[in-house]
Amino acid sequence: MSLSNNTTGKLYIVATPLGNAEDLSPRARTVLEQVPLVLAEDTRRASLNFSRWGLKAQRFISFNDHSEEKKLEHAIEFLEQGEDIALISDAGMPVISDPGYLIVKACREKNIPVTVIPGACAPVTALAGSGIAPNPFTFFGFLPRKINDMEKTLAPFARTSTSLIFFERRDRIAETLKYLYTLLGAREVCIARELTKEHEEYIIFNLTQIPNLDLLGELTVIVGPPLEKSKSSQEEVLTILHEEKKFGGSPKQIAKRVQAKCRGWTSSEIYALATRD
């Protein structure tokens with residue numbers, strides 16, 4: 001059965017709640033009840049969620065990181081026969097750090113229509129509630145486990161004004177944060193946990209002062225861009241100016257050397273201090 005008039009079926013990418021059942025949209029309900037096949041990251045969890053949402057699926061098939069490639073051909077054949085499919089993940093938006101990329105790519109290559117039913121998405125939800133600068137941001141999914149691989153992944157972002165978002169496990173979060181401080185320096189951090197659930201929590205701190213963390217639930221971590229350092233005070237500038245004068249040079253040369261050691265001052269401003277009576 002197809003919900004549209006297409007000669008082929010349609011693939012529906014359906015966002016599902018992160019925790020609060022009321023976040024399932026009416027449109028998502030309609031699609032999930034009417035499609036003949038639902039591809040689910042975990043069929044057992046999907047069945048429990050459908051019961052919680054008051055829905056009944058016609059048929060579930062497991063479609064996860066381990067089975068996506070093997071079951072892709074069967075799913076495409078099903079669509080080509082005119083049957084619709086809904087794709088869901090355990091929670092949130094499929095494809096975004098969850099299975100689904102391969103089937104969407106295959107559908108686009110075969111001109112099979114794809115429609116996204118938008119809704120909950122953990123990284124976007126966490127970023128929106130964090131108070132950390134949202135533009136631009138980079139989402140990694142889970143960071144690599146090995147330190148060397150993590151360094152290769154994050155090193156390009158050490159000096160860019162970009163917020164970083166990733167998922168982390170509770171048993172790794174403390175070690176990961178310590179390494180982030182070594183690599184990225186002082187940054188604002190928000191750990192969002194249990195999003196949309198009863199015990200939802202946003203924990204905000206600086207990497208220079210990592211709190212003791214004994215957390216339950218799924219963790220989404222937002223690391224803010226490099227912090228802008230405040231302008232050097234006039235007292236700081238005068239102290240540096242006094243030291244630099246000992247090394248000699250013209251007032252212009254001294255001003256340039258001092259500027260390199262100060263924040264937020266132009267060489268002309270420092271020159272004016274250097275030449276005043």
# chains A, B, ... in the order shown; residues from 1 in each chain; ligands from 1

$ closest_atom_pairs --of "segment 85-200 of chain A" --to "segment 4-27 of chain A" --cutoff "9 Å" --atoms "only C-alpha atoms" --output "CSV"
residue,atom,partner,partner_atom,distance
A:Ile85,CA,A:Leu11,CA,5.0
A:Ala86,CA,A:Tyr12,CA,4.6
A:Leu87,CA,A:Ile13,CA,5.0
A:Ile88,CA,A:Val14,CA,5.5
A:Ser89,CA,A:Thr16,CA,7.5
A:Asp90,CA,A:Thr16,CA,7.8
A:Ala91,CA,A:Leu18,CA,5.0
A:Gly92,CA,A:Thr16,CA,5.0
A:Met93,CA,A:Ala15,CA,4.4
A:Pro94,CA,A:Ala15,CA,6.4
A:Val95,CA,A:Ile13,CA,8.4
A:Gly100,CA,A:Ile13,CA,8.3
A:Ile103,CA,A:Leu11,CA,8.8
A:Val104,CA,A:Leu11,CA,7.9
A:Cys107,CA,A:Leu11,CA,7.9
A:Ile112,CA,A:Lys10,CA,6.4
A:Pro113,CA,A:Lys10,CA,5.1
A:Val114,CA,A:Leu11,CA,4.8
A:Thr115,CA,A:Tyr12,CA,4.9
A:Val116,CA,A:Ile13,CA,4.6
A:Ile117,CA,A:Val14,CA,4.8
A:Pro118,CA,A:Ala15,CA,5.6
A:Gly119,CA,A:Ala15,CA,5.0
A:Ala120,CA,A:Pro17,CA,5.7
A:Cys121,CA,A:Leu18,CA,7.5
A:Ala122,CA,A:Leu18,CA,7.0
A:Glu194,CA,A:Gly19,CA,7.6
A:Leu195,CA,A:Leu18,CA,6.6
A:Thr196,CA,A:Asn20,CA,5.5
A:Lys197,CA,A:Gly19,CA,5.3
A:Glu198,CA,A:Asn20,CA,8.4

$ write_last_selection --atoms "N, CA and C atoms" --output "tab-separated table (two decimals), in the first residue's frame"
chain	number	residue	atom	x	y	z
A	85	ILE	N	7.51	2.56	3.16
A	85	ILE	CA	8.30	2.14	4.32
A	85	ILE	C	8.52	3.36	5.22
A	86	ALA	N	8.44	3.12	6.52
A	86	ALA	CA	8.84	4.15	7.49
A	86	ALA	C	10.12	3.70	8.17
A	87	LEU	N	11.05	4.61	8.32
A	87	LEU	CA	12.31	4.32	9.00
A	87	LEU	C	12.35	5.10	10.31
A	88	ILE	N	12.59	4.39	11.41
A	88	ILE	CA	12.73	5.05	12.71
A	88	ILE	C	14.01	4.58	13.38
A	89	SER	N	14.52	5.40	14.29
A	89	SER	CA	15.64	4.99	15.13
A	89	SER	C	15.11	4.78	16.54
A	90	ASP	N	16.00	4.46	17.48
A	90	ASP	CA	15.53	4.24	18.85
A	90	ASP	C	14.87	5.48	19.43
A	91	ALA	N	15.40	6.65	19.06
A	91	ALA	CA	14.84	7.92	19.52
A	91	ALA	C	15.42	9.03	18.68
A	92	GLY	N	14.61	10.06	18.44
A	92	GLY	CA	15.12	11.21	17.68
A	92	GLY	C	15.04	11.01	16.18
A	93	MET	N	15.91	11.70	15.47
A	93	MET	CA	15.90	11.72	14.01
A	93	MET	C	16.79	10.64	13.42
A	94	PRO	N	16.24	9.71	12.64
A	94	PRO	CA	17.08	8.72	11.97
A	94	PRO	C	18.12	9.40	11.08
A	95	VAL	N	19.14	8.65	10.73
A	95	VAL	CA	20.24	9.08	9.86
A	95	VAL	C	21.26	9.93	10.62
A	100	GLY	N	20.39	4.70	8.41
A	100	GLY	CA	19.47	5.27	7.43
A	100	GLY	C	20.13	5.92	6.24
A	103	ILE	N	20.09	3.75	2.87
A	103	ILE	CA	18.82	3.57	2.18
A	103	ILE	C	18.33	4.88	1.56
A	104	VAL	N	18.58	6.00	2.23
A	104	VAL	CA	18.22	7.29	1.65
A	104	VAL	C	19.03	7.54	0.38
A	107	CYS	N	17.70	5.33	-2.41
A	107	CYS	CA	16.42	5.83	-2.92
A	107	CYS	C	16.64	7.03	-3.85
A	112	ILE	N	13.42	7.03	-6.05
A	112	ILE	CA	12.34	6.65	-5.15
A	112	ILE	C	12.12	7.82	-4.19
A	113	PRO	N	10.91	8.32	-4.06
A	113	PRO	CA	10.68	9.50	-3.23
A	113	PRO	C	10.99	9.26	-1.75
A	114	VAL	N	11.55	10.27	-1.13
A	114	VAL	CA	11.88	10.24	0.29
A	114	VAL	C	11.26	11.47	0.95
A	115	THR	N	10.56	11.25	2.04
A	115	THR	CA	9.95	12.35	2.80
A	115	THR	C	10.38	12.26	4.25
A	116	VAL	N	10.76	13.38	4.82
A	116	VAL	CA	11.16	13.42	6.23
A	116	VAL	C	10.01	13.97	7.06
A	117	ILE	N	9.66	13.25	8.10
A	117	ILE	CA	8.68	13.73	9.08
A	117	ILE	C	9.49	14.29	10.24
A	118	PRO	N	9.68	15.61	10.30
A	118	PRO	CA	10.62	16.19	11.27
A	118	PRO	C	10.11	16.07	12.70
A	119	GLY	N	11.05	16.22	13.61
A	119	GLY	CA	10.68	16.14	15.03
A	119	GLY	C	11.91	16.21	15.90
A	120	ALA	N	11.89	15.46	16.98
A	120	ALA	CA	12.96	15.53	17.98
A	120	ALA	C	14.30	15.12	17.40
A	121	CYS	N	15.35	15.82	17.86
A	121	CYS	CA	16.72	15.54	17.46
A	121	CYS	C	17.60	15.93	18.64
A	122	ALA	N	18.26	14.97	19.27
A	122	ALA	CA	18.99	15.23	20.51
A	122	ALA	C	20.05	16.32	20.40
A	194	GLU	N	18.95	13.14	29.78
A	194	GLU	CA	17.53	12.82	29.93
A	194	GLU	C	16.64	13.86	29.25
A	195	LEU	N	17.00	14.26	28.06
A	195	LEU	CA	16.27	15.31	27.36
A	195	LEU	C	14.79	14.96	27.19
A	196	THR	N	13.94	15.91	27.48
A	196	THR	CA	12.47	15.85	27.41
A	196	THR	C	11.85	14.91	28.45
A	197	LYS	N	12.67	14.28	29.29
A	197	LYS	CA	12.15	13.35	30.28
A	197	LYS	C	11.95	14.06	31.62
A	198	GLU	N	11.44	13.34	32.58
A	198	GLU	CA	11.11	13.93	33.89
A	198	GLU	C	12.34	14.52	34.56

$ select_by_dssp --residues "segment 23-264 of chain A" --states "strand (DSSP E or B)" --output "ChimeraX atom specification"
/A:37-40,60-62,85-88,92,114-117,137-142,163-168,188-193,201-206,219-223

$ atom_distance --atom1 "atom CA of Phe78 of chain A" --atom2 "atom CA of Ala28 of chain A"
20.6 Å

$ residues_around --residues "Arg257 of chain A" --least-positions-apart "5" --cutoff "9 Å" --atoms "only C-alpha atoms" --output "PDB file with N, CA and C atoms, in the first residue's frame"
ATOM      1  N   LEU A 241      54.839  47.832  28.899  1.00  0.00           N
ATOM      2  CA  LEU A 241      55.535  48.935  28.234  1.00  0.00           C
ATOM      3  C   LEU A 241      56.823  49.290  28.988  1.00  0.00           C
ATOM      4  N   GLU A 244      59.397  46.628  28.230  1.00  0.00           N
ATOM      5  CA  GLU A 244      59.896  46.660  26.858  1.00  0.00           C
ATOM      6  C   GLU A 244      60.830  47.849  26.607  1.00  0.00           C
ATOM      7  N   LYS A 252      57.795  53.701  18.270  1.00  0.00           N
ATOM      8  CA  LYS A 252      56.972  52.902  17.352  1.00  0.00           C
ATOM      9  C   LYS A 252      57.341  51.426  17.455  1.00  0.00           C
ATOM     10  N   SER A 267      48.320  49.476  17.987  1.00  0.00           N
ATOM     11  CA  SER A 267      49.685  49.987  18.172  1.00  0.00           C
ATOM     12  C   SER A 267      49.685  51.501  18.376  1.00  0.00           C
TER      13      SER A 267
END

$ residues_around --residues "segment 156-158 of chain A" --least-positions-apart "4" --cutoff "9 Å" --atoms "only C-alpha atoms" --output "number ranges by chain"
A: 151-152, 162-164, 183-185, 225-226

$ write_last_selection --atoms "C-alpha atoms" --output "JSON list (two decimals), in the first residue's frame"
[["chain", "number", "residue", "atom", "x", "y", "z"],
["A", 151, "GLU", "CA", 43.02, 14.11, 18.66],
["A", 152, "LYS", "CA", 42.94, 13.80, 14.86],
["A", 162, "THR", "CA", 32.73, 26.56, 16.27],
["A", 163, "SER", "CA", 30.61, 24.86, 18.91],
["A", 164, "LEU", "CA", 31.16, 21.11, 19.08],
["A", 183, "LEU", "CA", 43.45, 19.91, 23.47],
["A", 184, "LEU", "CA", 41.02, 22.86, 23.33],
["A", 185, "GLY", "CA", 41.82, 24.92, 26.43],
["A", 225, "PRO", "CA", 33.80, 28.04, 20.80],
["A", 226, "PRO", "CA", 37.06, 29.50, 22.13]]

$ residues_around --residues "Ala75 of chain A" --least-positions-apart "4" --cutoff "10 Å" --atoms "only C-alpha atoms" --output "MDAnalysis selection string"
chainID A and resid 11 37 39 61 63 68 70:71 79:80 83:85 103 107

$ atom_distance --atom1 "atom CA of Phe142 of chain A" --atom2 "atom CA of Ser97 of chain A"
8.0 Å

$ residues_around --residues "Cys262 of chain A" --least-positions-apart "5" --cutoff "12 Å" --atoms "only C-alpha atoms" --output "list in words"
Lys229, Ser230, Lys231, Ser232, Ser233, Gln234, Glu235, Glu236, Val237, Leu238, Thr239, Ile240, Leu241, Ala255, Lys256, Arg257, Ser267, Glu269 and Ile270 of chain A

$ select_by_dssp --residues "segment 27-174 of chain A" --states "helix (DSSP H, G or I)" --output "ChimeraX atom specification"
/A:27-34,43-53,68-80,101-109,122-130,147-157,173-174

$ closest_residue --among "A:Ile165, A:Ala155, A:Ile76, A:Ala40" --to "Pro136 of chain A" --atoms "only C-alpha atoms"
A:Ile165

$ residues_around --residues "Glu33 of chain A" --least-positions-apart "3" --cutoff "8 Å" --atoms "only C-alpha atoms" --output "list in words"
Arg29, Thr30, Leu55, Lys56, Ala57 and Gln58 of chain A

$ write_last_selection --atoms "all heavy atoms" --output "short mmCIF file (atom, residue, chain, number, x, y, z; two decimals), in the first residue's frame"
data_model
loop_
_atom_site.label_atom_id
_atom_site.label_comp_id
_atom_site.auth_asym_id
_atom_site.auth_seq_id
_atom_site.Cartn_x
_atom_site.Cartn_y
_atom_site.Cartn_z
N ARG A 29 2.26 9.94 13.58
CA ARG A 29 1.32 8.90 13.98
C ARG A 29 0.61 8.28 12.78
O ARG A 29 0.49 7.06 12.65
CB ARG A 29 0.28 9.47 14.95
CG ARG A 29 0.78 9.74 16.34
CD ARG A 29 -0.31 10.27 17.24
NE ARG A 29 0.16 10.39 18.61
CZ ARG A 29 0.18 9.39 19.48
NH1 ARG A 29 -0.29 8.20 19.10
NH2 ARG A 29 0.64 9.56 20.69
N THR A 30 0.15 9.14 11.91
CA THR A 30 -0.59 8.66 10.73
C THR A 30 0.28 7.76 9.87
O THR A 30 -0.14 6.67 9.45
CB THR A 30 -1.07 9.87 9.89
OG1 THR A 30 -1.97 10.64 10.67
CG2 THR A 30 -1.78 9.39 8.63
N LEU A 55 0.08 3.09 19.44
CA LEU A 55 0.10 2.73 18.02
C LEU A 55 0.28 1.23 17.85
O LEU A 55 0.79 0.54 18.74
CB LEU A 55 1.24 3.46 17.30
CG LEU A 55 1.24 4.98 17.32
CD1 LEU A 55 2.50 5.50 16.62
CD2 LEU A 55 0.00 5.52 16.63
N LYS A 56 -0.10 0.74 16.67
CA LYS A 56 0.12 -0.66 16.34
C LYS A 56 0.72 -0.74 14.95
O LYS A 56 0.11 -0.32 13.97
CB LYS A 56 -1.19 -1.45 16.40
CG LYS A 56 -0.99 -2.94 16.19
CD LYS A 56 -2.28 -3.71 16.39
CE LYS A 56 -2.02 -5.21 16.21
NZ LYS A 56 -3.28 -6.00 16.39
N ALA A 57 1.93 -1.27 14.86
CA ALA A 57 2.61 -1.39 13.57
C ALA A 57 2.10 -2.62 12.83
O ALA A 57 1.77 -3.64 13.43
CB ALA A 57 4.11 -1.49 13.78
N GLN A 58 2.05 -2.50 11.50
CA GLN A 58 1.67 -3.66 10.70
C GLN A 58 2.79 -4.69 10.66
O GLN A 58 2.56 -5.89 10.69
CB GLN A 58 1.30 -3.21 9.28
CG GLN A 58 0.08 -2.30 9.25
CD GLN A 58 -0.36 -1.97 7.83
OE1 GLN A 58 -0.28 -2.79 6.92
NE2 GLN A 58 -0.85 -0.75 7.64
#

$ atom_distance --atom1 "atom CA of Ile173 of chain A" --atom2 "atom CA of Val124 of chain A"
19.8 Å
